[in-house]
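Everything below concerns the one structure shown next.
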Amino acid sequence: MSRRTYTDVLAWVRDLGLDDELEPNEWEILQRPLGRLDQSQQINATWRLEGLVVLAWALGRFEIPPHDQLVNANALWRSLGLMNVAGANEVLAKPTLRPRPEFAALRQRLFALHWRLRNFYLHPGVMDFAEYARTCWFGPLDVSGLPLVESDLAVGGERLDRADPDAFATAHGAALERHHAVNWLWEGPRLYSQASEAT
């Protein structure tokens, strides 16, 4: 990020009066001098874009990318008026949320996706995910729209156990952040960072 972009972000937050909407850790990141974020802060802040895409989707401003693709940050920001005070004020003045049943459906699919990726991370191996989703004790799980290869989740067009490790890491990280975001939309709590990520 250039120094000009950094000062523009600070001005954008100030001009929209968003200071009180930031959580303490968000405020700290925003106030850090340019180039002074530690690596974990940089990584966590970047991953939060995958949660932001769900919030933009909820407002009817953006479509959520496939589970194994990261969002295009610039396109996402434009859809929400980032760095454009007039555009952001339009979003804030006339927010229109998708119907609650759409949130419920997305929440169920993201839970199923996050569960499978987390399960594979902890216990690598093939499973009949389609059958498990139908019969598991905490289901049924909604796997509609998720690509399957030989009845297990696919990542990058390959069955999960054959997927490229980097592609798996991308899907796993995105699933966690998107699941976090839809849970916050569904049930809170007030602070975004405290929303559930449980699988």
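Here's how to read the names in the structure tokens: chain A, B, ... by the order shown, residue numbers from 1 in each chain, ligand numbers from 1 in the order shown.
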Quiz item: What's the 7 Å shell around Asp8 in chain A, counting only C-alpha atoms, without same-chain residues fewer than 4 positions away, as an MDAnalysis selection string?
Solution: chainID A and resid 4 12 83
Practice problem: Please provide the set of residues having any atom within 12 Å of Trp186 in chain A, restricted to only C-alpha atoms, with same-chain residues fewer than 6 positions apart removed, written as a ChimeraX atom specification. | Solution: /A:54-55,58,97-108,179-180,192,195-196
Quiz prompt | Expected answer as a ChimeraX atom specification: strand (DSSP E or B) residues in chain A | solution = /A:148-149,152-155,158-159
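Distances from A:Ala86, A:Cys136, A:Ala154, A:Leu176 to Asp15 in chain A were compared using only C-alpha atoms, and the smallest one belongs to A:Ala86.
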Exercise. Point out the residue among A:Pro165, A:Pro33, A:Pro95, A:Pro189 with the least atom-to-atom distance to Leu80 in chain A, counting only C-alpha atoms.
Key: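 Once distances to Leu80 in chain A are computed over only C-alpha atoms, the minimum belongs to A:Pro95.
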Quiz prompt | Every residue of range 10-158 of chain A that DSSP places in alpha helix (DSSP H), as a ChimeraX atom specification | solution = /A:10-16,24-31,39-58,73-80,85-93,100-122,129-135
Quiz item: What lies within 12 Å of Val85 in chain A using only C-alpha atoms, ignoring chain neighbours under 6 positions off, as a PyMOL selection string?
Solution: chain A and resi 8-18+78+91-93
Exercise. Counting only C-alpha atoms, figure out which residue out of A:Thr170, A:Gln42, A:Asn89, A:Ser193 gets nearest to His114 in chain A.
Key: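 The shortest atom-to-atom distance to His114 in chain A comes from A:Thr170.
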Quiz item: Of the residues A:Arg116, A:Leu153, A:Glu23, A:Gln39, which is the one nearest to Leu191 in chain A, using only C-alpha atoms?
Solution: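 Ranking A:Arg116, A:Leu153, A:Glu23, A:Gln39 by distance to Leu191 in chain A, first place goes to A:Glu23.
Taking only C-alpha atoms into account, Phe138 in chain A lies nearest to A:Thr199 out of the set A:Glu158, A:Thr199, A:Glu50, A:Ala75.
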Quiz item: Which neighbours of Asn25 in chain A fall inside 12 Å, counting only C-alpha atoms, when residues of the same chain fewer than 4 positions from it are skipped, and could you give them as JSON, numbers by chain?
Solution: {"A": [21, 29, 30, 31, 32, 37, 41, 44, 45, 191, 192, 193]}
Quiz item: Any idea what's packed within 10 Å of Met127 in chain A, counting only C-alpha atoms, ignoring anything in its chain fewer than 5 positions away? Could you give it as a list in words?
Solution: Arg116, Phe120, Tyr132, Glu150, Ser151, Asp152, Leu153, Leu160 and Asp161 of chain A
Dump as an mmCIF file, in the first residue's frame, selection limited to C-alpha atoms:
```cif
data_model
loop_
_atom_site.group_PDB
_atom_site.id
_atom_site.type_symbol
_atom_site.label_atom_id
_atom_site.label_comp_id
_atom_site.auth_asym_id
_atom_site.auth_seq_id
_atom_site.Cartn_x
_atom_site.Cartn_y
_atom_site.Cartn_z
ATOM 1 C CA ARG A 116 -15.490 -30.964 5.379
ATOM 2 C CA PHE A 120 -9.858 -33.184 6.137
ATOM 3 C CA TYR A 132 -22.223 -38.510 5.064
ATOM 4 C CA GLU A 150 -16.185 -39.486 -6.631
ATOM 5 C CA SER A 151 -18.602 -38.389 -3.889
ATOM 6 C CA ASP A 152 -16.038 -36.277 -2.008
ATOM 7 C CA LEU A 153 -15.496 -32.510 -2.096
ATOM 8 C CA LEU A 160 -9.880 -33.333 -1.869
ATOM 9 C CA ASP A 161 -7.118 -35.852 -1.158
#
```
Quiz item: What does the distance from CA of Trp27 in chain A to CA of Leu49 in chain A come to in Å, to one decimal?
Solution: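 Going from CA of Trp27 in chain A over to CA of Leu49 in chain A, I get 16.3 Å.
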Quiz item: Which residue out of A:Glu131, A:Glu197, A:Asp19, A:Glu28 has the minimum interatomic distance to Leu148 in chain A when only C-alpha atoms are used?
Solution: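 Among A:Glu131, A:Glu197, A:Asp19, A:Glu28, it is A:Glu131 that comes nearest to Leu148 in chain A.
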Exercise. Enter the distance from CA of Gly139 in chain A to CA of Phe168 in chain A, in Å, rounded to one decimal.
Key: 23.8 Å
Exercise. Provide the CA of Gly51 in chain A to CA of Leu110 in chain A distance in Å, to one decimal place.
Key: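 Answer for the CA of Gly51 in chain A to CA of Leu110 in chain A separation: 11.7 Å.
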